[in-house]
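Visitor: mmCIF, C-alpha atoms, saved as upload-v8.cif, coming up:
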```
data_run
#
loop_
_atom_site.label_atom_id
_atom_site.label_comp_id
_atom_site.auth_asym_id
_atom_site.auth_seq_id
_atom_site.Cartn_x
_atom_site.Cartn_y
_atom_site.Cartn_z
CA MET U 215 51.09 -38.54 -35.11
CA LYS U 216 50.41 -36.20 -32.22
CA PRO U 217 46.76 -35.23 -31.61
CA THR U 218 45.78 -31.76 -32.79
CA SER U 219 42.95 -29.42 -31.99
CA PRO U 220 40.30 -29.37 -34.76
CA ALA U 221 39.81 -25.65 -34.22
CA THR U 222 43.42 -24.45 -34.29
CA GLY U 223 45.46 -27.32 -35.66
CA GLU U 224 47.83 -26.94 -32.71
CA ARG U 225 49.19 -29.89 -30.74
CA ARG U 226 46.69 -30.94 -28.09
CA VAL U 227 48.08 -32.50 -24.94
CA ILE U 228 46.21 -35.55 -23.67
CA TYR U 229 46.74 -34.91 -19.98
CA LEU U 230 46.03 -37.98 -17.84
CA ASP U 231 48.13 -37.21 -14.78
CA HIS U 232 45.54 -35.40 -12.67
CA ALA U 233 46.55 -37.36 -9.56
CA ALA U 234 49.88 -35.49 -9.72
CA THR U 235 48.27 -32.09 -10.25
CA THR U 236 45.08 -30.95 -11.94
CA PRO U 237 44.30 -27.64 -13.70
CA MET U 238 42.99 -24.83 -11.55
CA ARG U 239 39.27 -24.25 -11.75
CA PRO U 240 38.37 -20.84 -13.23
CA GLN U 241 36.55 -19.87 -10.03
CA ALA U 242 39.69 -20.59 -8.00
CA VAL U 243 41.79 -18.53 -10.40
CA ALA U 244 39.33 -15.65 -10.05
CA ALA U 245 39.28 -15.86 -6.24
CA MET U 246 43.07 -15.93 -6.07
CA THR U 247 43.79 -13.20 -8.58
CA ALA U 248 41.24 -10.90 -6.93
CA GLN U 249 43.55 -10.82 -3.89
CA LEU U 250 46.94 -10.63 -5.61
CA THR U 251 46.96 -6.85 -5.98
CA LYS U 252 45.45 -6.11 -2.58
CA LEU U 253 47.66 -4.80 0.18
CA GLY U 254 47.67 -6.16 3.69
CA ASN U 255 49.23 -8.77 5.97
CA ALA U 256 46.50 -10.81 7.64
CA SER U 257 48.34 -10.47 10.97
CA SER U 258 48.40 -6.66 10.86
CA LEU U 259 45.93 -4.65 12.94
CA HIS U 260 45.27 -1.78 10.52
CA GLY U 261 42.48 -1.67 7.96
CA SER U 262 44.36 -3.44 5.14
CA GLY U 263 45.43 -6.17 7.55
CA ARG U 264 41.89 -6.62 8.86
CA GLU U 265 40.58 -6.91 5.30
CA ALA U 266 43.12 -9.62 4.50
CA ARG U 267 42.19 -11.37 7.74
CA ARG U 268 38.52 -11.26 6.76
CA VAL U 269 39.31 -13.04 3.48
CA VAL U 270 41.29 -15.72 5.33
CA GLU U 271 38.61 -16.32 7.95
CA GLU U 272 35.86 -16.50 5.34
CA ALA U 273 37.98 -19.06 3.47
CA ARG U 274 38.38 -21.02 6.71
CA GLU U 275 34.61 -21.03 7.14
CA THR U 276 34.05 -22.10 3.53
CA ILE U 277 36.46 -25.02 3.79
CA GLY U 278 35.11 -26.08 7.16
CA ALA U 279 31.54 -26.09 5.87
CA ALA U 280 32.56 -28.10 2.80
CA VAL U 281 34.42 -30.86 4.65
CA GLY U 282 32.47 -31.11 7.90
CA ALA U 283 34.95 -29.31 10.13
CA SER U 284 34.70 -26.35 12.46
CA PRO U 285 36.50 -23.29 11.03
CA SER U 286 38.81 -23.36 14.05
CA GLU U 287 39.93 -26.86 13.03
CA VAL U 288 41.31 -25.64 9.67
CA VAL U 289 45.05 -24.89 9.88
CA PHE U 290 46.52 -23.49 6.65
CA THR U 291 49.83 -24.87 5.36
CA CYS U 292 51.80 -24.78 2.13
CA GLY U 293 50.43 -28.17 1.00
CA GLY U 294 50.07 -31.86 1.66
CA THR U 295 53.72 -32.53 2.49
CA GLU U 296 53.81 -29.86 5.18
CA SER U 297 50.44 -30.96 6.54
CA ASN U 298 51.67 -34.55 6.81
CA ASN U 299 54.92 -33.51 8.47
CA LEU U 300 53.09 -31.28 10.94
CA ALA U 301 50.60 -33.98 11.87
CA ILE U 302 53.12 -36.82 12.17
CA LYS U 303 56.01 -35.01 13.85
CA GLY U 304 53.78 -32.72 15.90
CA LEU U 305 51.72 -35.60 17.26
CA TYR U 306 54.77 -37.76 17.90
CA TRP U 307 56.60 -35.06 19.84
CA ALA U 308 53.52 -34.18 21.85
CA ARG U 309 52.54 -37.76 22.67
CA ASN U 310 56.06 -39.08 23.28
CA ALA U 311 57.32 -36.17 25.37
CA GLY U 312 58.09 -38.53 28.23
CA GLY U 313 59.66 -41.17 26.01
CA ASP U 314 57.00 -43.77 26.83
CA ARG U 315 55.18 -43.74 23.47
CA PRO U 316 57.84 -44.30 20.80
CA ARG U 317 55.73 -46.41 18.41
CA VAL U 318 54.07 -45.15 15.22
CA LEU U 319 51.92 -47.43 13.07
CA SER U 320 51.35 -46.81 9.38
CA SER U 321 50.76 -48.74 6.16
CA SER U 322 53.42 -50.04 3.78
CA VAL U 323 51.91 -48.17 0.81
CA GLU U 324 51.99 -44.57 2.04
CA HIS U 325 53.10 -41.62 -0.08
CA HIS U 326 56.67 -40.46 0.53
CA ALA U 327 55.26 -37.33 2.20
CA VAL U 328 54.31 -39.72 5.02
CA LEU U 329 57.00 -42.39 4.65
CA ASP U 330 59.92 -39.97 4.78
CA PRO U 331 58.82 -38.09 7.95
CA LEU U 332 58.31 -41.46 9.61
CA LEU U 333 61.76 -42.67 8.59
CA TRP U 334 63.23 -39.34 9.77
CA LEU U 335 61.61 -39.82 13.17
CA SER U 336 63.03 -43.31 13.28
CA SER U 337 66.59 -42.22 12.51
CA HIS U 338 66.63 -38.91 14.44
CA GLU U 339 64.11 -39.27 17.26
CA SER U 340 64.32 -42.99 18.10
CA ALA U 341 60.76 -43.60 16.93
CA VAL U 342 59.77 -47.24 16.45
CA VAL U 343 57.95 -47.19 13.12
CA GLU U 344 55.88 -50.24 12.21
CA PHE U 345 54.53 -50.61 8.67
CA ILE U 346 51.42 -52.77 8.51
CA ASP U 347 51.11 -55.10 5.52
CA VAL U 348 48.51 -54.68 2.79
CA ASP U 349 46.76 -57.29 0.69
CA ALA U 350 47.13 -57.83 -3.06
CA LEU U 351 44.68 -54.96 -3.70
CA GLY U 352 46.68 -52.52 -1.57
CA ARG U 353 44.26 -52.47 1.37
CA ILE U 354 45.66 -52.43 4.89
CA ASP U 355 45.24 -55.52 7.06
CA ILE U 356 42.98 -54.31 9.88
CA GLY U 357 43.63 -57.50 11.84
CA ALA U 358 47.37 -56.89 11.73
CA LEU U 359 46.85 -53.28 12.76
CA ARG U 360 44.70 -54.38 15.68
CA ALA U 361 47.30 -56.94 16.75
CA GLY U 362 50.05 -54.34 16.53
CA ILE U 363 48.16 -51.93 18.75
CA GLU U 364 46.95 -54.52 21.25
CA SER U 365 50.46 -55.90 21.76
CA ASP U 366 51.22 -52.73 23.78
CA PRO U 367 48.65 -49.95 23.25
CA GLY U 368 50.21 -47.62 25.79
CA SER U 369 53.39 -47.34 23.72
CA VAL U 370 51.69 -46.11 20.51
CA ALA U 371 51.96 -42.38 19.80
CA LEU U 372 49.80 -42.31 16.68
CA VAL U 373 48.50 -44.13 13.62
CA SER U 374 48.84 -42.60 10.14
CA VAL U 375 47.16 -44.23 7.14
CA MET U 376 46.23 -42.57 3.83
CA SER U 377 42.57 -42.31 2.81
CA ALA U 378 43.20 -43.47 -0.76
CA ASN U 379 46.36 -44.62 -2.47
CA ASN U 380 47.90 -42.19 -4.92
CA GLU U 381 49.26 -44.91 -7.22
CA VAL U 382 46.70 -47.72 -7.46
CA GLY U 383 43.66 -45.83 -6.15
CA THR U 384 42.66 -48.29 -3.41
CA VAL U 385 40.52 -46.69 -0.70
CA GLN U 386 41.46 -47.59 2.86
CA PRO U 387 38.92 -48.61 5.56
CA ILE U 388 39.52 -45.49 7.64
CA SER U 389 36.40 -45.81 9.80
CA GLU U 390 37.40 -49.33 10.87
CA LEU U 391 40.93 -48.17 11.55
CA VAL U 392 39.71 -45.27 13.68
CA GLU U 393 37.48 -47.58 15.70
CA VAL U 394 40.43 -49.82 16.53
CA ALA U 395 42.81 -46.98 17.43
CA HIS U 396 40.31 -44.89 19.41
CA ARG U 397 39.46 -47.89 21.57
CA TYR U 398 42.85 -47.25 23.17
CA GLY U 399 42.84 -43.45 22.93
CA ILE U 400 45.33 -43.38 20.04
CA PRO U 401 44.98 -40.46 17.60
CA VAL U 402 44.71 -41.13 13.87
CA HIS U 403 46.04 -39.00 11.02
CA THR U 404 45.10 -39.55 7.39
CA ASP U 405 46.63 -38.16 4.21
CA ALA U 406 43.48 -37.35 2.22
CA VAL U 407 44.97 -35.31 -0.62
CA GLN U 408 43.67 -37.78 -3.24
CA ALA U 409 40.26 -38.11 -1.61
CA VAL U 410 38.79 -34.60 -1.56
CA GLY U 411 36.38 -34.22 -4.46
CA SER U 412 36.58 -37.92 -5.34
CA LEU U 413 35.16 -39.41 -2.15
CA PRO U 414 32.54 -38.12 0.28
CA LEU U 415 34.42 -36.38 3.09
CA ASP U 416 33.13 -35.39 6.51
CA PHE U 417 35.86 -34.66 9.04
CA ALA U 418 33.52 -34.78 12.02
CA ALA U 419 31.87 -38.03 10.96
CA CYS U 420 34.93 -39.99 9.86
CA GLY U 421 36.48 -39.75 13.32
CA VAL U 422 40.10 -39.07 12.40
CA ASP U 423 41.98 -36.58 14.54
CA ALA U 424 44.03 -34.94 11.79
CA LEU U 425 43.54 -34.87 8.02
CA SER U 426 45.76 -33.44 5.27
CA ILE U 427 44.52 -31.77 2.09
CA THR U 428 46.21 -29.79 -0.67
CA GLY U 429 45.02 -27.35 -3.31
CA HIS U 430 46.60 -28.55 -6.54
CA LYS U 431 44.97 -32.01 -6.44
CA LEU U 432 41.43 -30.59 -6.59
CA GLY U 433 41.60 -27.53 -8.83
CA GLY U 434 43.20 -25.05 -6.47
CA PRO U 435 46.60 -23.33 -6.48
CA LEU U 436 49.94 -25.03 -6.03
CA GLY U 437 51.71 -24.35 -2.74
CA VAL U 438 48.73 -24.18 -0.39
CA GLY U 439 46.90 -26.76 1.68
CA ALA U 440 45.46 -27.37 5.11
CA LEU U 441 45.64 -29.68 8.07
CA LEU U 442 42.29 -30.33 9.69
CA THR U 443 42.98 -30.99 13.35
CA ARG U 444 40.74 -31.42 16.38
CA ARG U 445 40.85 -28.44 18.72
CA GLU U 446 41.74 -30.66 21.68
CA LEU U 447 44.63 -32.33 19.84
CA GLU U 448 48.04 -31.21 21.04
CA LEU U 449 50.62 -30.69 18.30
CA VAL U 450 54.21 -29.52 18.73
CA PRO U 451 54.94 -27.00 15.93
CA VAL U 452 57.44 -27.86 13.21
CA LEU U 453 57.86 -24.16 12.32
CA HIS U 454 58.41 -21.45 14.90
CA GLY U 455 57.93 -17.75 14.34
CA GLY U 456 55.00 -15.40 14.60
CA GLY U 457 52.53 -17.84 16.11
CA GLN U 458 50.03 -17.75 13.24
CA GLU U 459 47.45 -20.54 12.81
CA ARG U 460 46.83 -21.25 16.51
CA ASP U 461 50.60 -21.24 17.08
CA ILE U 462 50.67 -24.57 15.24
CA ARG U 463 51.99 -23.24 11.94
CA SER U 464 53.91 -19.97 12.00
CA GLY U 465 54.51 -17.99 8.84
CA THR U 466 52.98 -15.08 6.95
CA ILE U 467 49.53 -16.10 5.78
CA ASP U 468 49.18 -16.44 1.99
CA THR U 469 45.83 -14.71 1.55
CA PRO U 470 45.53 -15.04 -2.27
CA SER U 471 46.33 -18.75 -2.30
CA ILE U 472 44.01 -19.43 0.61
CA ALA U 473 41.17 -17.68 -1.22
CA GLY U 474 41.84 -19.88 -4.26
CA LEU U 475 42.00 -23.00 -2.11
CA ALA U 476 38.64 -22.27 -0.49
CA ALA U 477 36.95 -21.75 -3.86
CA ALA U 478 38.41 -25.01 -5.18
CA VAL U 479 37.47 -27.07 -2.12
CA GLU U 480 33.92 -25.74 -2.13
CA LEU U 481 33.48 -26.57 -5.84
CA ALA U 482 35.15 -29.97 -5.62
CA VAL U 483 32.89 -31.06 -2.77
CA LYS U 484 29.74 -29.54 -4.26
CA HIS U 485 30.24 -31.24 -7.62
CA GLN U 486 31.68 -34.50 -6.31
CA PRO U 487 28.74 -36.66 -7.53
CA GLU U 488 28.95 -35.26 -11.08
CA PHE U 489 32.73 -35.58 -11.04
CA VAL U 490 32.52 -39.23 -10.01
CA GLU U 491 30.04 -39.97 -12.77
CA GLN U 492 32.19 -38.21 -15.39
CA VAL U 493 35.59 -39.67 -14.54
CA SER U 494 34.44 -43.17 -13.64
CA ARG U 495 32.77 -43.50 -17.04
CA LEU U 496 35.98 -42.43 -18.77
CA ARG U 497 38.10 -44.66 -16.51
CA ASP U 498 35.94 -47.72 -17.12
CA ASP U 499 36.08 -47.19 -20.88
CA LEU U 500 39.86 -46.82 -20.74
CA VAL U 501 40.24 -50.05 -18.75
CA ARG U 502 38.06 -51.96 -21.21
CA ARG U 503 39.90 -50.67 -24.26
CA VAL U 504 43.41 -51.09 -22.87
CA ARG U 505 42.55 -54.69 -21.99
CA SER U 506 41.31 -55.16 -25.54
CA GLU U 507 44.50 -53.75 -27.07
CA VAL U 508 46.89 -55.47 -24.63
CA PRO U 509 45.23 -58.73 -23.49
CA ASP U 510 47.94 -59.66 -20.95
CA VAL U 511 47.87 -56.29 -19.17
CA LEU U 512 47.46 -56.34 -15.40
CA TYR U 513 44.98 -53.95 -13.79
CA ASN U 514 46.33 -53.08 -10.34
CA GLY U 515 44.42 -52.18 -7.21
CA ASP U 516 40.83 -52.94 -6.31
CA PRO U 517 38.95 -53.85 -9.52
CA SER U 518 35.67 -52.64 -8.05
CA ARG U 519 33.85 -49.75 -9.71
CA ASP U 520 32.55 -48.72 -6.29
CA CYS U 521 34.24 -45.44 -5.28
CA ALA U 522 34.07 -46.61 -1.67
CA ARG U 523 36.75 -49.13 -2.67
CA ARG U 524 38.68 -47.40 -5.48
CA LEU U 525 39.16 -43.81 -6.57
CA PRO U 526 36.85 -43.16 -9.54
CA ASN U 527 39.51 -41.38 -11.62
CA ASN U 528 42.33 -43.93 -11.27
CA ALA U 529 43.47 -46.62 -13.71
CA HIS U 530 46.78 -48.32 -12.95
CA PHE U 531 48.26 -50.97 -15.24
CA SER U 532 51.32 -53.19 -15.44
CA PHE U 533 52.47 -54.14 -18.94
CA PRO U 534 54.50 -57.38 -18.96
CA GLY U 535 57.78 -57.13 -20.84
CA CYS U 536 57.82 -53.31 -20.74
CA GLU U 537 59.76 -50.73 -18.79
CA GLY U 538 57.31 -48.12 -17.56
CA ASP U 539 59.70 -45.24 -18.29
CA SER U 540 60.11 -46.34 -21.90
CA LEU U 541 56.38 -46.73 -22.35
CA LEU U 542 55.76 -43.33 -20.79
CA MET U 543 58.13 -41.63 -23.24
CA LEU U 544 56.61 -43.41 -26.23
CA LEU U 545 53.17 -42.16 -25.20
CA ASP U 546 54.55 -38.70 -24.46
CA ALA U 547 55.84 -38.54 -28.04
CA LYS U 548 52.19 -38.99 -29.08
CA GLY U 549 51.12 -36.12 -26.84
CA ILE U 550 49.77 -38.40 -24.07
CA GLU U 551 50.92 -37.53 -20.57
CA CYS U 552 50.61 -40.03 -17.72
CA SER U 553 52.94 -41.27 -14.98
CA THR U 554 54.93 -44.38 -14.12
CA GLY U 555 54.28 -46.56 -11.15
CA SER U 556 57.84 -46.07 -10.00
CA ALA U 557 59.65 -43.42 -8.01
CA CYS U 558 62.87 -41.91 -9.32
CA SER U 559 65.77 -41.39 -6.95
CA ALA U 560 68.76 -39.40 -8.26
CA GLY U 561 67.67 -40.22 -11.80
CA VAL U 562 67.71 -43.99 -11.21
CA PRO U 563 64.33 -45.70 -11.77
CA GLN U 564 63.19 -47.72 -8.77
CA PRO U 565 60.31 -50.18 -8.65
CA SER U 566 57.18 -48.86 -6.94
CA HIS U 567 57.20 -49.60 -3.21
CA VAL U 568 53.41 -49.70 -3.39
CA LEU U 569 53.30 -52.54 -5.92
CA LEU U 570 56.09 -54.42 -4.15
CA ALA U 571 54.12 -54.20 -0.90
CA MET U 572 51.12 -55.62 -2.77
CA GLY U 573 53.19 -58.65 -3.78
CA ALA U 574 54.20 -57.68 -7.31
CA THR U 575 57.58 -58.69 -8.71
CA GLU U 576 60.18 -56.02 -9.42
CA ALA U 577 59.70 -56.49 -13.17
CA THR U 578 55.94 -55.98 -12.82
CA ALA U 579 56.44 -52.95 -10.60
CA ARG U 580 58.83 -51.37 -13.10
CA GLY U 581 56.49 -51.95 -16.04
CA SER U 582 53.58 -49.90 -14.73
CA LEU U 583 51.69 -46.78 -15.74
CA ARG U 584 49.04 -44.72 -13.98
CA PHE U 585 46.36 -42.87 -15.91
CA SER U 586 44.33 -40.46 -13.79
CA PHE U 587 41.39 -38.33 -14.91
CA GLY U 588 40.24 -34.89 -13.80
CA HIS U 589 37.57 -32.25 -14.29
CA THR U 590 38.95 -31.32 -17.74
CA SER U 591 39.10 -34.90 -19.07
CA ILE U 592 37.05 -35.81 -22.13
CA GLN U 593 36.25 -38.89 -24.23
CA ALA U 594 38.87 -37.91 -26.81
CA ASP U 595 41.54 -38.52 -24.16
CA VAL U 596 40.48 -42.14 -23.84
CA ASP U 597 40.30 -42.53 -27.62
CA ALA U 598 43.86 -41.26 -28.00
CA VAL U 599 45.22 -43.73 -25.43
CA ALA U 600 43.30 -46.61 -26.98
CA ASP U 601 44.80 -45.80 -30.39
CA ALA U 602 48.34 -45.44 -29.09
CA ILE U 603 48.74 -48.05 -26.36
CA GLY U 604 49.02 -51.19 -28.52
CA PRO U 605 51.81 -49.93 -30.81
CA ALA U 606 53.59 -48.31 -27.84
CA VAL U 607 53.61 -51.59 -25.89
CA GLU U 608 54.95 -53.45 -28.95
CA ARG U 609 57.79 -50.96 -29.34
CA ALA U 610 58.59 -50.99 -25.61
CA ARG U 611 58.72 -54.78 -25.58
CA ALA U 612 60.92 -54.85 -28.67
CA ALA U 613 63.27 -52.35 -27.05
CA GLY U 614 63.42 -54.49 -23.92
CA LEU U 615 64.24 -57.62 -25.92
CA SER U 616 66.95 -55.78 -27.84
CA ALA U 617 68.49 -54.55 -24.60
CA SER U 618 68.48 -58.05 -23.10
CA VAL U 619 70.23 -59.48 -26.18
CA VAL U 620 72.94 -56.82 -25.95
#
```
Let me see the file written as structure tokens.
Guide:
Amino acid sequence: MKPTSPATGERRVIYLDHAATTPMRPQAVAAMTAQLTKLGNASSLHGSGREARRVVEEARETIGAAVGASPSEVVFTCGGTESNNLAIKGLYWARNAGGDRPRVLSSSVEHHAVLDPLLWLSSHESAVVEFIDVDALGRIDIGALRAGIESDPGSVALVSVMSANNEVGTVQPISELVEVAHRYGIPVHTDAVQAVGSLPLDFAACGVDALSITGHKLGGPLGVGALLTRRELELVPVLHGGGQERDIRSGTIDTPSIAGLAAAVELAVKHQPEFVEQVSRLRDDLVRRVRSEVPDVLYNGDPSRDCARRLPNNAHFSFPGCEGDSLLMLLDAKGIECSTGSACSAGVPQPSHVLLAMGATEATARGSLRFSFGHTSIQADVDAVADAIGPAVERARAAGLSASVV
């Protein structure tokens, strides 16, 4: 039976896919909608244009203050994917202009918004992309990274490693990585879209040279994000046009979305301690109860409850004998929404490259689910999963056995 609201009797969705996108915060909705009916292009010189520009610059100041960056270091984009592409391609083109720095180092567990630009550079721009191994918890091997750099530091254009993994939640040792790379003057980019609001973030203190964020992961609008980039860092633009955003990212500035993004970032950072306490309590209870209902379940990623090692809102499991897609649909039929640990390409399920890089078998990688909590999560969400997971796993395993017999 699907869960219902006690007040209305209507179907209540148990939404546990906040790592994919999380509901907008009311304050962000208000900030965005306040600008939707206002006239003015932020690049125009007349009064309406100057008013739009004021909103944008105040948003830049708000975001900078929240994440430890100068306002001039905040470059607005349409989201994390564009920010990653701009940082990776822009840095590569700038640093390898003479053809003497073709190497790019990254981790083997990056999001496709980093992996795919790197592979594109490899196939179209003759980049030499080196993916550094991770351990069984999904954490990058700093020794291997150091060895890769020291083999020929002058040939490395950049290093790009995510702050925290979007699938298994493992937090990467970014400060150690930066120390190694900066010893040889190599810039570091990090995809931090999962980190803002979940981990303490200070752009100036962490030492990275470029950092990607996006609105819809932290309670802001879809389709807007930012790349934090040092003023002295040279980036070749990916988009060319009107020269907006320091001539790094051309395109008409989306004033309403930027206002919503600033409100969301400010709130996410301000309430990060309370958020961590709320979601880690729910996550820990979910882990305990899933293990009780399915004793042979595997809990992937760093098992630590320390948010310096694992995202506080992430629980990632592998269920032996199950196909993750089947299990997801069985839970969805009960009104529980989560995600698989696999990526789908042209409708064909593929095992998670993250889990494979961590040493999992293909069967284990295919039988995985991620549950991720957000600012709207409540105890009833955990209760619903605990009630449904045992029967769902039994049915998924029975379906798998039937398929193998056929």
Visitor: Which one is closest to U:Ile354: U:Ser540, U:Ser377, U:Asn528, U:Ser258? Count only C-alpha atoms.
Guide: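 Counting only C-alpha atoms, the residue closest to U:Ile354 is U:Ser377.
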Visitor: Rank U:Val599, U:Ser322, U:Leu413, U:Arg523 by their smallest atom-to-atom distance to U:Arg502, using only C-alpha atoms, and report the top residue only.
Guide: U:Val599
Visitor: Return as a count of residues only the set of residues that the PyMOL selection byres ((chain U and resi 457-472) around 8) yields on the displayed structure.
Guide: 33
Visitor: Give the answer as one residue: which of U:Thr295, U:Ser340, U:Ser389, U:Ser494 has the shortest atom-to-atom distance to U:Pro316, using all atoms listed in the file?
Guide: U:Ser340
Visitor: With only C-alpha atoms as the atoms that count, which of U:Ala327, U:Ala571, U:Ala482, U:Ala424 lies nearest to U:Gln241?
Guide: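 Using only C-alpha atoms, the shortest distance to U:Gln241 belongs to U:Ala482.
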Visitor: Give me, please, the distance in Å between atom CA of U:Val243 and atom CA of U:Gly261, quoted to one decimal.
Guide: 24.9 Å
Visitor: In terms of the shortest atom-to-atom distance over all atoms listed in the file, which of U:Leu253, U:Ala522, U:Ala594, U:Val493 is closest to U:Ile550?
Guide: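 Under the stated criterion, the closest residue is U:Ala594.
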Visitor: Atom CA of U:Val227 and atom CA of U:Gly549, how far apart in Å?
Guide: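 Value for the atom CA of U:Gly549-atom CA of U:Val227 distance: 5.1 Å.
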Visitor: Atom CA of U:Trp334 and atom CA of U:Arg580, how far apart in Å?
Guide: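 It comes out at 26.2 Å.
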Visitor: Could you state which residues are captured by the PyMOL selection byres ((chain U and resi 552) around 8) in this file, as a list in words?
Guide: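 Taken over the shown coordinates, the PyMOL selection byres ((chain U and resi 552) around 8) returns Tyr229, Leu230, Asp231, Leu542, Asp546, Ile550, Glu551, Ser553, Thr554, Leu583, Arg584, Phe585 and Ser586 of chain U.
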Visitor: What's around stretch 506-518 of chain U at 10 Å? Count only C-alpha atoms, leave out sequence neighbours fewer than 5 positions away in its own chain, and write the answer as a VMD selection string.
Guide: chain U and resid 349 to 353 379 381 to 385 500 to 501 523 to 526 528 to 534 569 572 574 578 582 to 584 600 to 605 607 to 608
Visitor: Evaluate the PyMOL selection byres ((chain U and resi 408) around 8) and record the selected residues as a list in words, following the chain and residue labels used in the document.
Guide: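 On the file shown, the PyMOL selection byres ((chain U and resi 408) around 8) covers Ala233, Ser377, Ala378, Asn379, Asn380, Ala406, Val407, Ala409, Val410, Ser412 and Lys431 of chain U.
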Visitor: Include C-alpha atoms and write out the residues we just selected as an mmCIF file, keeping the file's coordinate frame.
Guide:
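New file result_17.cif:
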```cif
data_model
loop_
_atom_site.group_PDB
_atom_site.id
_atom_site.type_symbol
_atom_site.label_atom_id
_atom_site.label_comp_id
_atom_site.auth_asym_id
_atom_site.auth_seq_id
_atom_site.Cartn_x
_atom_site.Cartn_y
_atom_site.Cartn_z
ATOM 1 C CA ALA U 233 46.550 -37.360 -9.560
ATOM 2 C CA SER U 377 42.570 -42.310 2.810
ATOM 3 C CA ALA U 378 43.200 -43.470 -0.760
ATOM 4 C CA ASN U 379 46.360 -44.620 -2.470
ATOM 5 C CA ASN U 380 47.900 -42.190 -4.920
ATOM 6 C CA ALA U 406 43.480 -37.350 2.220
ATOM 7 C CA VAL U 407 44.970 -35.310 -0.620
ATOM 8 C CA ALA U 409 40.260 -38.110 -1.610
ATOM 9 C CA VAL U 410 38.790 -34.600 -1.560
ATOM 10 C CA SER U 412 36.580 -37.920 -5.340
ATOM 11 C CA LYS U 431 44.970 -32.010 -6.440
#
```
Visitor: Considering all atoms listed in the file, state which residue in the set U:His403, U:Arg609, U:Lys484, U:His260 is at the smallest distance from U:Val318.
Guide: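 Looking only at the distances to U:Val318, the closest residue turns out to be U:His403.
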Visitor: Select all residues near (33.4, -24.4, 4.0) (cut-off 12 Å, inclusive, file coordinates), counting all atoms listed in the file, and output them as a ChimeraX atom specification.
Guide: /U:270-288,416-417,473,475-484
Visitor: Since fewer atoms than expected are present, regenerate N, CA, C and O atoms for stretch 373-383 of chain U and write them as a PDB file, keeping the file's coordinate frame.
Guide:
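What follows is the written file part.pdb:
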```pdb
ATOM      1  N   VAL U 373      48.671 -43.317  14.824  1.00  0.00           N
ATOM      2  CA  VAL U 373      48.500 -44.130  13.620  1.00  0.00           C
ATOM      3  C   VAL U 373      48.313 -43.168  12.457  1.00  0.00           C
ATOM      4  O   VAL U 373      47.567 -42.193  12.566  1.00  0.00           O
ATOM      5  N   SER U 374      49.002 -43.427  11.337  1.00  0.00           N
ATOM      6  CA  SER U 374      48.840 -42.600  10.140  1.00  0.00           C
ATOM      7  C   SER U 374      48.662 -43.494   8.926  1.00  0.00           C
ATOM      8  O   SER U 374      49.566 -44.259   8.570  1.00  0.00           O
ATOM      9  N   VAL U 375      47.485 -43.417   8.317  1.00  0.00           N
ATOM     10  CA  VAL U 375      47.160 -44.230   7.140  1.00  0.00           C
ATOM     11  C   VAL U 375      46.420 -43.352   6.138  1.00  0.00           C
ATOM     12  O   VAL U 375      45.478 -42.646   6.499  1.00  0.00           O
ATOM     13  N   MET U 376      46.838 -43.391   4.877  1.00  0.00           N
ATOM     14  CA  MET U 376      46.230 -42.570   3.830  1.00  0.00           C
ATOM     15  C   MET U 376      44.778 -42.971   3.573  1.00  0.00           C
ATOM     16  O   MET U 376      44.399 -44.132   3.762  1.00  0.00           O
ATOM     17  N   SER U 377      43.973 -42.022   3.127  1.00  0.00           N
ATOM     18  CA  SER U 377      42.570 -42.310   2.810  1.00  0.00           C
ATOM     19  C   SER U 377      42.444 -43.112   1.523  1.00  0.00           C
ATOM     20  O   SER U 377      41.617 -44.028   1.430  1.00  0.00           O
ATOM     21  N   ALA U 378      43.238 -42.769   0.524  1.00  0.00           N
ATOM     22  CA  ALA U 378      43.200 -43.470  -0.760  1.00  0.00           C
ATOM     23  C   ALA U 378      44.592 -43.420  -1.370  1.00  0.00           C
ATOM     24  O   ALA U 378      45.263 -42.390  -1.306  1.00  0.00           O
ATOM     25  N   ASN U 379      44.999 -44.530  -1.966  1.00  0.00           N
ATOM     26  CA  ASN U 379      46.360 -44.620  -2.470  1.00  0.00           C
ATOM     27  C   ASN U 379      46.549 -43.819  -3.742  1.00  0.00           C
ATOM     28  O   ASN U 379      45.741 -43.898  -4.670  1.00  0.00           O
ATOM     29  N   ASN U 380      47.643 -43.064  -3.787  1.00  0.00           N
ATOM     30  CA  ASN U 380      47.900 -42.190  -4.920  1.00  0.00           C
ATOM     31  C   ASN U 380      48.319 -42.939  -6.169  1.00  0.00           C
ATOM     32  O   ASN U 380      48.173 -42.430  -7.284  1.00  0.00           O
ATOM     33  N   GLU U 381      48.832 -44.155  -6.046  1.00  0.00           N
ATOM     34  CA  GLU U 381      49.260 -44.910  -7.220  1.00  0.00           C
ATOM     35  C   GLU U 381      48.153 -45.804  -7.768  1.00  0.00           C
ATOM     36  O   GLU U 381      47.744 -45.657  -8.918  1.00  0.00           O
ATOM     37  N   VAL U 382      47.648 -46.736  -6.949  1.00  0.00           N
ATOM     38  CA  VAL U 382      46.700 -47.720  -7.460  1.00  0.00           C
ATOM     39  C   VAL U 382      45.256 -47.391  -7.125  1.00  0.00           C
ATOM     40  O   VAL U 382      44.339 -48.097  -7.551  1.00  0.00           O
ATOM     41  N   GLY U 383      45.019 -46.321  -6.357  1.00  0.00           N
ATOM     42  CA  GLY U 383      43.660 -45.830  -6.150  1.00  0.00           C
ATOM     43  C   GLY U 383      42.842 -46.552  -5.096  1.00  0.00           C
ATOM     44  O   GLY U 383      41.672 -46.219  -4.893  1.00  0.00           O
TER      45      GLY U 383
END
```
